[in-house]
file work_37.csv (CSV, C-alpha atoms)
chain,number,residue,atom,x,y,z
A,547,MET,CA,-11.0,-35.8,-3.2
A,548,THR,CA,-7.5,-34.4,-3.3
A,549,GLY,CA,-6.5,-31.4,-1.2
A,550,GLY,CA,-4.9,-29.5,-4.1
A,551,ASN,CA,-8.0,-27.6,-5.2
A,552,GLY,CA,-8.6,-24.7,-2.8
A,553,GLY,CA,-11.9,-24.0,-4.6
A,554,ASP,CA,-13.4,-27.1,-3.0
A,555,ASP,CA,-13.1,-25.7,0.5
A,556,PRO,CA,-14.9,-22.4,1.0
A,557,ASP,CA,-13.6,-22.1,4.5
A,558,ALA,CA,-10.0,-22.5,3.3
A,559,THR,CA,-10.6,-19.9,0.7
A,560,GLY,CA,-12.0,-17.5,3.2
A,561,SER,CA,-9.0,-18.2,5.5
A,562,ARG,CA,-6.6,-17.3,2.7
A,563,GLY,CA,-8.6,-14.2,2.2
A,564,ILE,CA,-8.1,-13.2,5.8
A,565,GLN,CA,-4.4,-14.0,5.6
A,566,LEU,CA,-4.1,-11.8,2.5
A,567,TYR,CA,-5.7,-8.8,4.3
A,568,LYS,CA,-4.3,-9.5,7.8
A,569,SER,CA,-1.8,-6.7,7.6
A,570,TRP,CA,-4.5,-4.3,6.5
A,571,GLY,CA,-6.4,-5.0,9.7
A,572,ALA,CA,-3.5,-4.5,12.0
A,573,SER,CA,-3.3,-1.0,13.5
A,574,GLY,CA,-0.1,-0.4,11.6
A,575,ASP,CA,0.5,3.3,11.0
A,576,TRP,CA,-3.3,4.2,11.3
A,577,THR,CA,-4.7,5.1,14.6
A,578,GLU,CA,-8.3,5.7,15.6
A,579,VAL,CA,-8.7,9.1,17.5
A,580,GLU,CA,-12.1,10.3,18.6
A,581,GLY,CA,-13.9,8.4,15.9
A,582,ALA,CA,-11.6,9.5,13.1
A,583,TRP,CA,-8.7,7.6,11.5
A,584,VAL,CA,-5.3,9.3,11.6
A,585,LEU,CA,-2.3,8.6,9.5
A,586,LYS,CA,0.9,10.5,10.2
A,587,PRO,CA,3.9,10.8,7.9
A,588,LYS,CA,6.5,8.1,8.7
A,589,ASP,CA,9.8,9.8,8.4
A,590,SER,CA,9.2,13.5,8.9
A,591,LYS,CA,7.1,16.0,10.8
A,592,PRO,CA,3.9,16.8,9.0
A,593,LEU,CA,3.8,19.8,6.7
A,594,ALA,CA,0.0,20.1,6.6
A,595,VAL,CA,-3.2,18.5,7.8
A,596,VAL,CA,-5.9,17.0,5.5
A,597,HIS,CA,-9.4,16.3,6.6
A,598,PHE,CA,-10.5,13.6,4.2
A,599,ILE,CA,-14.1,12.5,3.5
A,600,GLY,CA,-14.9,9.7,1.1
A,601,GLY,CA,-17.8,8.8,-1.1
A,602,ILE,CA,-21.1,7.1,-0.5
A,603,PHE,CA,-20.9,3.6,1.0
A,604,VAL,CA,-17.0,3.4,0.9
A,605,GLY,CA,-16.8,6.5,3.2
A,606,ALA,CA,-17.7,4.2,6.2
A,607,ALA,CA,-14.2,2.8,6.3
A,608,PRO,CA,-11.9,5.3,4.5
A,609,GLN,CA,-8.7,3.9,6.1
A,610,LEU,CA,-9.4,0.7,4.1
A,611,THR,CA,-11.2,1.7,1.0
A,612,TYR,CA,-8.9,4.7,0.2
A,613,ARG,CA,-5.8,3.1,1.7
A,614,LEU,CA,-3.4,3.4,-1.3
A,615,PHE,CA,-4.4,7.0,-2.0
A,616,LEU,CA,-4.2,8.2,1.6
A,617,ASN,CA,-1.0,6.3,2.3
A,618,GLN,CA,0.6,8.1,-0.6
A,619,LEU,CA,-0.6,11.4,0.6
A,620,ALA,CA,1.0,10.7,4.0
A,621,GLU,CA,4.3,9.9,2.2
A,622,LYS,CA,4.2,13.5,0.9
A,623,GLY,CA,4.4,14.8,4.4
A,624,ILE,CA,0.7,15.2,5.0
A,625,LEU,CA,-1.1,14.2,8.2
A,626,VAL,CA,-4.4,12.6,7.2
A,627,ILE,CA,-7.5,12.7,9.4
A,628,ALA,CA,-10.2,10.6,7.7
A,629,THR,CA,-13.7,10.9,9.2
A,630,PRO,CA,-15.9,7.9,8.5
A,631,PHE,CA,-19.7,8.1,8.0
A,632,ALA,CA,-22.6,5.8,7.5
A,633,SER,CA,-24.3,6.3,4.2
A,634,GLY,CA,-27.8,7.9,4.4
A,635,PHE,CA,-30.1,10.4,2.8
A,636,ASP,CA,-29.5,13.2,5.2
A,637,HIS,CA,-26.3,15.0,4.0
A,638,LEU,CA,-26.5,17.7,6.6
A,639,GLN,CA,-26.3,15.1,9.3
A,640,ILE,CA,-23.3,13.6,7.6
A,641,ALA,CA,-21.6,17.0,7.3
A,642,ASP,CA,-22.2,17.8,11.0
A,643,GLU,CA,-20.9,14.4,12.2
A,644,ALA,CA,-17.8,14.6,10.0
A,645,GLN,CA,-16.9,18.1,11.2
A,646,PHE,CA,-17.6,17.1,14.9
A,647,LYS,CA,-15.3,14.1,14.6
A,648,PHE,CA,-12.6,16.2,12.9
A,649,ASP,CA,-12.8,18.9,15.6
A,650,ARG,CA,-12.6,16.4,18.4
A,651,CYS,CA,-9.6,14.7,16.7
A,652,ILE,CA,-7.8,18.0,16.1
A,653,ARG,CA,-8.2,18.9,19.8
A,654,SER,CA,-6.6,15.5,20.8
A,655,LEU,CA,-3.7,16.1,18.4
A,656,LYS,CA,-3.2,19.8,19.2
A,657,ASP,CA,0.5,19.3,20.2
A,658,THR,CA,1.2,17.7,16.8
A,659,VAL,CA,-0.9,19.8,14.5
A,660,ASN,CA,-0.8,23.2,16.1
A,661,GLY,CA,0.1,25.9,13.5
A,662,LEU,CA,-0.1,23.5,10.5
A,663,PRO,CA,-2.1,24.6,7.4
A,664,THR,CA,-5.3,22.6,7.1
A,665,PHE,CA,-7.0,21.5,3.9
A,666,GLY,CA,-10.2,19.6,3.2
A,667,VAL,CA,-10.1,16.8,0.7
A,668,GLY,CA,-13.3,15.1,-0.5
A,669,HIS,CA,-14.1,12.5,-3.1
A,670,SER,CA,-17.5,12.3,-4.8
A,671,LEU,CA,-20.1,12.7,-2.0
A,672,GLY,CA,-17.2,13.7,0.2
A,673,ALA,CA,-16.6,16.8,-2.0
A,674,LEU,CA,-20.2,17.8,-1.5
A,675,ILE,CA,-19.9,17.3,2.2
A,676,HIS,CA,-16.9,19.6,2.4
A,677,LEU,CA,-18.9,22.2,0.5
A,678,LEU,CA,-21.7,21.9,3.0
A,679,ILE,CA,-19.3,22.1,6.0
A,680,GLY,CA,-17.8,25.2,4.5
A,681,SER,CA,-21.3,26.6,4.2
A,682,ARG,CA,-22.4,25.8,7.7
A,683,TYR,CA,-19.4,26.4,9.8
A,684,ALA,CA,-16.7,29.1,10.1
A,685,VAL,CA,-14.0,26.5,9.4
A,686,GLN,CA,-10.4,27.5,9.3
A,687,ARG,CA,-9.2,26.1,6.0
A,688,ASP,CA,-6.2,27.0,3.9
A,689,GLY,CA,-8.1,25.4,1.0
A,690,ASN,CA,-10.4,22.6,-0.2
A,691,ILE,CA,-9.6,19.9,-2.8
A,692,LEU,CA,-12.8,18.7,-4.3
A,693,ILE,CA,-12.4,15.5,-6.3
A,694,ALA,CA,-15.0,14.1,-8.8
A,695,PHE,CA,-17.8,16.3,-7.4
A,696,ASN,CA,-21.4,15.3,-8.1
A,697,ASN,CA,-24.7,16.6,-6.6
A,698,LYS,CA,-27.3,14.3,-8.1
A,699,GLU,CA,-30.9,13.5,-7.0
A,700,ALA,CA,-31.2,10.2,-5.1
A,701,SER,CA,-33.0,8.6,-8.0
A,702,LEU,CA,-30.0,9.2,-10.2
A,703,ALA,CA,-27.3,8.8,-7.6
A,704,ILE,CA,-28.3,5.4,-6.2
A,705,PRO,CA,-28.0,3.4,-9.4
A,706,LEU,CA,-24.5,4.9,-9.7
A,707,PHE,CA,-23.2,3.1,-6.6
A,708,SER,CA,-21.7,0.6,-9.1
A,709,PRO,CA,-18.5,2.6,-9.9
A,710,VAL,CA,-17.9,2.9,-6.2
A,711,ILE,CA,-18.8,-0.5,-5.0
A,712,VAL,CA,-17.0,-2.5,-7.7
A,713,PRO,CA,-13.4,-1.4,-6.7
A,714,MET,CA,-14.3,-1.9,-3.1
A,715,ALA,CA,-15.5,-5.5,-3.8
A,716,GLN,CA,-12.2,-6.3,-5.6
A,717,SER,CA,-10.3,-5.4,-2.4
A,718,PHE,CA,-12.7,-6.8,0.2
A,719,GLY,CA,-14.7,-9.6,-1.5
A,720,PRO,CA,-13.0,-12.3,0.7
A,721,ILE,CA,-13.9,-10.4,3.9
A,722,LEU,CA,-17.5,-9.7,2.9
A,723,SER,CA,-17.8,-13.3,2.0
A,724,GLN,CA,-16.9,-14.4,5.5
A,725,LEU,CA,-19.4,-11.8,6.9
A,726,SER,CA,-22.1,-13.0,4.5
A,727,SER,CA,-21.9,-16.5,5.9
A,728,SER,CA,-21.9,-15.4,9.5
A,729,PRO,CA,-25.2,-16.0,11.4
A,730,ALA,CA,-24.4,-12.9,13.5
A,731,VAL,CA,-24.5,-10.7,10.4
A,732,LEU,CA,-27.4,-12.4,8.8
A,733,ARG,CA,-29.5,-12.2,12.0
A,734,GLY,CA,-28.6,-8.5,12.4
A,735,ALA,CA,-29.0,-8.8,16.2
A,736,GLU,CA,-27.1,-6.1,18.0
A,737,MET,CA,-25.8,-8.4,20.7
A,738,ALA,CA,-24.6,-10.9,18.2
A,739,MET,CA,-22.9,-8.2,16.1
A,740,LYS,CA,-21.1,-7.0,19.2
A,741,GLN,CA,-19.9,-10.6,19.9
A,742,LEU,CA,-18.6,-10.8,16.4
A,743,GLU,CA,-16.7,-7.6,16.8
A,744,ASN,CA,-15.1,-8.9,20.0
A,745,LEU,CA,-14.1,-12.2,18.4
A,746,SER,CA,-13.0,-11.0,15.0
A,747,PRO,CA,-9.5,-10.2,13.8
A,748,PRO,CA,-8.9,-6.4,13.5
A,749,ILE,CA,-9.6,-6.4,9.8
A,750,MET,CA,-13.2,-7.7,10.4
A,751,LYS,CA,-13.8,-4.9,12.9
A,752,GLN,CA,-12.8,-2.3,10.4
A,753,VAL,CA,-14.9,-3.8,7.6
A,754,LEU,CA,-18.0,-4.1,9.8
A,755,PRO,CA,-19.0,-0.4,9.3
A,756,LEU,CA,-19.3,-1.1,5.5
A,757,VAL,CA,-21.8,-3.8,6.2
A,758,GLU,CA,-23.6,-2.3,9.2
A,759,GLN,CA,-24.6,0.8,7.2
A,760,LEU,CA,-26.6,-1.2,4.6
A,761,PRO,CA,-29.7,-2.2,6.6
A,762,PRO,CA,-30.6,1.4,7.7
A,763,LEU,CA,-30.1,2.5,4.1
A,764,TYR,CA,-32.3,-0.3,3.0
A,765,MET,CA,-35.0,0.7,5.5
A,766,ASP,CA,-35.0,4.2,4.2
A,767,LEU,CA,-35.5,2.9,0.7
A,768,ALA,CA,-38.2,0.4,1.8
A,769,LYS,CA,-40.1,3.3,3.4
A,770,GLY,CA,-40.1,5.1,0.2
A,771,ARG,CA,-37.4,7.7,0.9
A,772,GLU,CA,-36.7,9.2,-2.5
A,773,ASP,CA,-34.7,12.4,-2.0
A,774,PHE,CA,-31.5,13.5,-0.3
A,775,THR,CA,-31.7,16.2,2.3
A,776,PRO,CA,-31.0,18.9,1.2
A,777,LYS,CA,-32.1,18.4,-2.4
A,778,PRO,CA,-29.5,19.3,-5.1
A,779,GLU,CA,-31.0,22.7,-5.8
A,780,GLU,CA,-30.9,23.5,-2.1
A,781,ASN,CA,-27.3,22.5,-1.9
A,782,ARG,CA,-26.5,24.9,-4.7
A,783,ARG,CA,-28.3,27.7,-2.8
A,784,LEU,CA,-26.4,27.0,0.4
A,785,ILE,CA,-23.1,27.0,-1.5
A,786,LYS,CA,-23.8,30.1,-3.4
A,787,SER,CA,-24.9,32.0,-0.3
A,788,TYR,CA,-22.7,30.8,2.5
A,789,TYR,CA,-19.6,28.8,1.3
A,790,GLY,CA,-16.6,30.6,2.8
A,791,VAL,CA,-13.4,28.8,1.7
A,792,SER,CA,-11.6,30.9,-0.9
A,793,ARG,CA,-8.9,28.6,-2.1
A,794,ASN,CA,-10.2,25.6,-4.0
A,795,LEU,CA,-8.7,22.9,-6.3
A,796,LEU,CA,-11.3,21.1,-8.4
A,797,ILE,CA,-10.2,17.8,-9.8
A,798,LYS,CA,-12.1,16.0,-12.6
A,799,PHE,CA,-11.2,12.6,-14.0
A,800,LYS,CA,-11.2,12.3,-17.8
A,801,ASP,CA,-13.2,9.1,-17.9
A,802,ASP,CA,-15.7,10.0,-15.1
A,803,ILE,CA,-19.2,9.8,-16.6
A,804,ILE,CA,-21.0,11.2,-13.5
A,805,ASP,CA,-18.8,14.2,-12.7
A,806,GLU,CA,-20.4,17.6,-12.2
A,807,THR,CA,-17.2,19.7,-11.6
A,808,PRO,CA,-17.9,22.2,-14.4
A,809,THR,CA,-21.3,23.0,-12.8
A,810,LEU,CA,-19.6,23.5,-9.4
A,811,ALA,CA,-16.9,25.7,-11.0
A,812,GLN,CA,-19.7,27.9,-12.5
A,813,VAL,CA,-21.4,28.2,-9.2
A,814,LEU,CA,-18.3,29.2,-7.3
A,815,SER,CA,-16.8,31.6,-9.9
A,816,THR,CA,-19.9,33.6,-10.9
A,817,GLU,CA,-22.8,33.0,-8.6
A,818,SER,CA,-21.4,32.7,-5.1
A,819,ALA,CA,-20.8,35.0,-2.2
A,820,ILE,CA,-17.2,34.0,-2.3
A,821,SER,CA,-16.7,34.8,-6.0
A,822,SER,CA,-14.8,38.1,-5.5
A,823,GLN,CA,-12.2,36.4,-3.2
A,824,LEU,CA,-12.1,33.1,-5.1
A,825,ASP,CA,-8.8,31.5,-5.9
A,826,MET,CA,-9.8,28.4,-7.9
A,827,SER,CA,-7.8,25.9,-9.9
A,828,ILE,CA,-9.3,23.1,-12.1
A,829,ARG,CA,-7.3,20.0,-13.0
A,830,SER,CA,-8.4,17.3,-15.4
A,831,LEU,CA,-6.5,14.1,-14.7
A,832,PRO,CA,-6.5,10.5,-16.2
A,833,GLY,CA,-8.8,8.0,-14.5
A,834,ASP,CA,-12.4,7.4,-13.8
A,835,HIS,CA,-14.7,8.2,-10.9
A,836,ALA,CA,-13.4,5.4,-8.7
A,837,LEU,CA,-9.7,6.0,-9.2
A,838,PRO,CA,-9.0,7.1,-5.5
A,839,LEU,CA,-10.4,3.7,-4.4
A,840,GLN,CA,-7.9,1.6,-6.3
A,841,GLN,CA,-5.7,-0.7,-4.4
A,842,LEU,CA,-2.6,-2.6,-5.2
A,843,LEU,CA,-3.0,-6.1,-3.9
A,844,PRO,CA,-1.3,-9.4,-4.5
A,845,ASP,CA,-2.9,-11.3,-7.4
A,846,VAL,CA,-5.9,-13.1,-6.0
A,847,PRO,CA,-6.0,-16.9,-6.5
A,848,PRO,CA,-8.7,-18.0,-8.9
A,849,ALA,CA,-10.5,-19.9,-6.1
A,850,MET,CA,-11.0,-16.6,-4.3
A,851,ALA,CA,-13.2,-15.2,-7.1
A,852,ASP,CA,-16.0,-17.3,-5.6
A,853,THR,CA,-15.7,-15.5,-2.4
A,854,VAL,CA,-16.3,-12.2,-4.2
A,855,ASN,CA,-19.5,-13.7,-5.6
A,856,ARG,CA,-20.6,-14.8,-2.1
A,857,GLY,CA,-19.8,-11.3,-0.7
A,858,SER,CA,-21.9,-9.7,-3.4
A,859,GLU,CA,-24.8,-11.9,-2.3
A,860,LEU,CA,-24.8,-10.3,1.1
A,861,LEU,CA,-25.1,-6.9,-0.5
A,862,ALA,CA,-27.8,-8.1,-2.8
A,863,SER,CA,-29.8,-9.7,0.0
A,864,LEU,CA,-29.7,-6.5,2.1
A,865,THR,CA,-30.9,-4.4,-0.9
A,866,ALA,CA,-33.5,-6.8,-2.3
A,867,GLY,CA,-36.4,-5.0,-4.0
A,868,THR,CA,-34.6,-1.7,-4.3
A,869,PRO,CA,-32.5,-0.2,-7.2
A,870,LEU,CA,-29.4,-1.3,-5.3
A,871,GLU,CA,-30.1,-5.0,-5.8
A,872,ALA,CA,-29.0,-5.1,-9.4
A,873,VAL,CA,-25.9,-2.9,-8.6
A,874,ALA,CA,-24.9,-5.2,-5.7
A,875,LYS,CA,-25.0,-8.2,-8.0
A,876,GLU,CA,-22.5,-6.6,-10.3
A,877,VAL,CA,-19.9,-6.9,-7.5
A,878,GLY,CA,-19.5,-10.6,-8.3
A,879,SER,CA,-18.2,-9.9,-11.8
A,880,THR,CA,-15.3,-7.6,-11.1
A,881,PHE,CA,-12.4,-9.9,-11.9
A,882,SER,CA,-11.1,-10.1,-15.5
A,883,PRO,CA,-8.0,-11.5,-17.2
A,884,ASP,CA,-6.6,-7.9,-17.7
A,885,SER,CA,-7.0,-7.0,-14.0
A,886,ARG,CA,-3.3,-6.9,-13.5
A,887,ILE,CA,-2.8,-4.5,-16.3
A,888,LEU,CA,-5.6,-2.3,-15.0
A,889,ARG,CA,-4.0,-2.3,-11.6
A,890,ALA,CA,-0.7,-1.1,-13.0
A,891,GLN,CA,-2.3,1.7,-14.9
A,892,ALA,CA,-4.4,2.7,-11.9
A,893,SER,CA,-1.2,2.8,-9.8
A,894,SER,CA,0.3,5.4,-12.1
A,895,GLU,CA,-2.9,7.4,-12.2
A,896,VAL,CA,-3.2,7.4,-8.4
A,897,LYS,CA,0.4,8.6,-8.1
A,898,GLU,CA,-0.4,11.5,-10.5
A,899,LEU,CA,-3.4,12.4,-8.5
A,900,VAL,CA,-1.4,12.5,-5.2
A,901,GLU,CA,1.4,14.5,-6.8
A,902,ALA,CA,-1.1,17.1,-8.1
A,903,ILE,CA,-2.7,17.4,-4.6
A,904,ALA,CA,0.6,17.6,-2.8
A,905,ALA,CA,1.9,20.3,-5.1
A,906,TRP,CA,-1.2,22.4,-4.6
A,907,VAL,CA,-1.1,22.0,-0.9
A,908,THR,CA,2.5,23.0,-0.8
A,909,SER,CA,1.9,26.1,-2.9
A,910,ASN,CA,-1.1,27.2,-0.9
A,911,SER,CA,0.2,26.8,2.6
A,912,GLY,CA,0.7,30.5,3.1
A,913,PRO,CA,-1.7,33.0,4.7
A,914,ARG,CA,-5.4,32.3,4.0
A,915,LEU,CA,-7.0,34.6,1.5
A,916,LEU,CA,-10.1,34.8,3.7
A,917,GLN,CA,-10.5,34.0,7.3
A,918,SER,CA,-13.9,32.3,7.5
call {"tool": "encode", "arguments": {"input": "work_37.csv", "output": "structure tokens"}}
result
Amino acid sequence: MTGGNGGDDPDATGSRGIQLYKSWGASGDWTEVEGAWVLKPKDSKPLAVVHFIGGIFVGAAPQLTYRLFLNQLAEKGILVIATPFASGFDHLQIADEAQFKFDRCIRSLKDTVNGLPTFGVGHSLGALIHLLIGSRYAVQRDGNILIAFNNKEASLAIPLFSPVIVPMAQSFGPILSQLSSSPAVLRGAEMAMKQLENLSPPIMKQVLPLVEQLPPLYMDLAKGREDFTPKPEENRRLIKSYYGVSRNLLIKFKDDIIDETPTLAQVLSTESAISSQLDMSIRSLPGDHALPLQQLLPDVPPAMADTVNRGSELLASLTAGTPLEAVAKEVGSTFSPDSRILRAQASSEVKELVEAIAAWVTSNSGPRLLQS
């Protein structure tokens, strides 16, 4: 057999995958501070601070899954603090942990961030989490930017993992492939996992949270867990009664089929305790629900498509017998002949999203309308 066909050697394919993402795994401009990931502007002092929370599943490693989007925010002079979380059914716990990580991180960075305006930015579930944080804590926010909000019941939300998982798989299929063939991951033994963390390149350490969150989620599903806590109607009640951030930018994507931004706008503007002080803007931008997750990567060699399939097998095996199984299997079919065109289009749309956020942050960095 000749050595010219990389597809004949899965190990070689995986090795190329690691090389492709090696720079992503290096610490680079991202630093981990008190459990949060911090990205500072390169060539200037920060003009504002953003607390970023991502969506279900991908929110476990936002410095990777939202890398392009967050890097471009930092280029606009924004210091990004991204708080990772493991997916689960208890949204109040996620909100508490995200805010605790942010508070600890801010204290560590006080010399850098003191006096800077602070904004929350959340995508999908992250938007809901920011609303819950703003309803549970007297947070000092100059405003919240809520992107692609939805507040669905678990039975509806779980099958909709697909729009979130698919872009992630395009970026991290080679890495997930290597993890899926690792005895340490397949056994799930804590000691073996720790050993893998110690031996792995940095990128593997950063991807591990994406994988480690799946078994507990599977266990909840296997035990018959059917509803998020709080339920959607309880979230609406909390937001109506207690949400205390007056400035809000709501962003809806034109091709997002699961967006519930109009419902949120109705709650905030006419039904909530904050309505009389509300300063709310709504933007409709090109793109779909997963736009903030898009990445600009080198073209992936055809032989590497197989690694995406093997990576999706790991997700499917961890979710066997649940609604997630079929969704996980879709991960393997994410490459198409027009992917290069789609990436170019997504790049333009991500840029438009970032510019809209940066402009709103700049125009709303004055005195807060309401001190929560």
call {"tool": "closest_residue", "arguments": {"input": "work_37.csv", "among": "A:Leu678, A:Ala905, A:Leu625, A:Leu824", "to": "Pro778 of chain A", "atoms": "only C-alpha atoms"}}
result
A:Leu678
call {"tool": "residues_near_point", "arguments": {"input": "work_37.csv", "point": "(-1.9, 12.0, -5.1)", "cutoff": "9 Å", "atoms": "all atoms listed in the file", "output": "PyMOL selection string"}}
result
chain A and resi 615-616+618-619+622+838+895-904
call {"tool": "atom_distance", "arguments": {"input": "work_37.csv", "atom1": "atom CA of Glu643 of chain A", "atom2": "atom CA of Val813 of chain A"}}
result
25.5 Å
call {"tool": "atom_distance", "arguments": {"input": "work_37.csv", "atom1": "atom CA of Val659 of chain A", "atom2": "atom CA of Phe695 of chain A"}}
result
27.9 Å
call {"tool": "residues_around", "arguments": {"input": "work_37.csv", "residues": "Gly661 of chain A", "least_positions_apart": "4", "cutoff": "12 Å", "atoms": "all atoms listed in the file", "output": "PDB file with C-alpha atoms, keeping the file's coordinate frame"}}
result
ATOM      1  CA  PRO A 592       3.900  16.800   9.000  1.00  0.00           C
ATOM      2  CA  LEU A 593       3.800  19.800   6.700  1.00  0.00           C
ATOM      3  CA  ALA A 594       0.000  20.100   6.600  1.00  0.00           C
ATOM      4  CA  VAL A 595      -3.200  18.500   7.800  1.00  0.00           C
ATOM      5  CA  ILE A 652      -7.800  18.000  16.100  1.00  0.00           C
ATOM      6  CA  LEU A 655      -3.700  16.100  18.400  1.00  0.00           C
ATOM      7  CA  LYS A 656      -3.200  19.800  19.200  1.00  0.00           C
ATOM      8  CA  ASP A 657       0.500  19.300  20.200  1.00  0.00           C
ATOM      9  CA  GLN A 686     -10.400  27.500   9.300  1.00  0.00           C
ATOM     10  CA  ARG A 687      -9.200  26.100   6.000  1.00  0.00           C
ATOM     11  CA  ASP A 688      -6.200  27.000   3.900  1.00  0.00           C
ATOM     12  CA  SER A 911       0.200  26.800   2.600  1.00  0.00           C
ATOM     13  CA  GLY A 912       0.700  30.500   3.100  1.00  0.00           C
ATOM     14  CA  PRO A 913      -1.700  33.000   4.700  1.00  0.00           C
TER      15      PRO A 913
END
call {"tool": "atom_distance", "arguments": {"input": "work_37.csv", "atom1": "atom CA of His835 of chain A", "atom2": "atom CA of Ile803 of chain A"}}
result
7.4 Å
call {"tool": "closest_residue", "arguments": {"input": "work_37.csv", "among": "A:Ile785, A:Ala811, A:Val907, A:Val579", "to": "Leu677 of chain A", "atoms": "only C-alpha atoms"}}
result
A:Ile785
call {"tool": "closest_residue", "arguments": {"input": "work_37.csv", "among": "A:Phe598, A:Phe799, A:Phe774, A:Phe646", "to": "Ala620 of chain A", "atoms": "all atoms listed in the file"}}
result
A:Phe598
call {"tool": "closest_residue", "arguments": {"input": "work_37.csv", "among": "A:Leu614, A:Glu621, A:Cys651, A:His669", "to": "Asp589 of chain A", "atoms": "all atoms listed in the file"}}
result
A:Glu621
call {"tool": "residues_around", "arguments": {"input": "work_37.csv", "residues": "Met826 of chain A", "least_positions_apart": "5", "cutoff": "7 Å", "atoms": "only C-alpha atoms", "output": "list of chain:residue names"}}
result
A:Arg793, A:Asn794, A:Leu795
call {"tool": "write_last_selection", "arguments": {"input": "work_37.csv", "atoms": "C-alpha atoms", "output": "PDB file, in the frame of the given file"}}
result
ATOM      1  CA  ARG A 793      -8.900  28.600  -2.100  1.00  0.00           C
ATOM      2  CA  ASN A 794     -10.200  25.600  -4.000  1.00  0.00           C
ATOM      3  CA  LEU A 795      -8.700  22.900  -6.300  1.00  0.00           C
TER       4      LEU A 795
END
call {"tool": "residues_around", "arguments": {"input": "work_37.csv", "residues": "Tyr788 of chain A", "least_positions_apart": "5", "cutoff": "9 Å", "atoms": "all atoms listed in the file", "output": "list of chain:residue names"}}
result
A:Leu678, A:Gly680, A:Ser681, A:Arg682, A:Arg783, A:Ser818, A:Ala819, A:Ile820
call {"tool": "closest_residue", "arguments": {"input": "work_37.csv", "among": "A:Thr611, A:Ser670, A:Lys777, A:Phe631", "to": "Ile804 of chain A", "atoms": "all atoms listed in the file"}}
result
A:Ser670
call {"tool": "residues_near_point", "arguments": {"input": "work_37.csv", "point": "(-12.9, 14.5, -2.5)", "cutoff": "8 Å", "atoms": "all atoms listed in the file", "output": "JSON, numbers by chain"}}
result
{"A": [598, 599, 600, 601, 667, 668, 669, 670, 671, 672, 673, 691, 692, 693, 694, 695]}
call {"tool": "closest_residue", "arguments": {"input": "work_37.csv", "among": "A:Thr809, A:Thr908, A:Ser893, A:Asn781", "to": "Phe665 of chain A", "atoms": "only C-alpha atoms"}}
result
A:Thr908
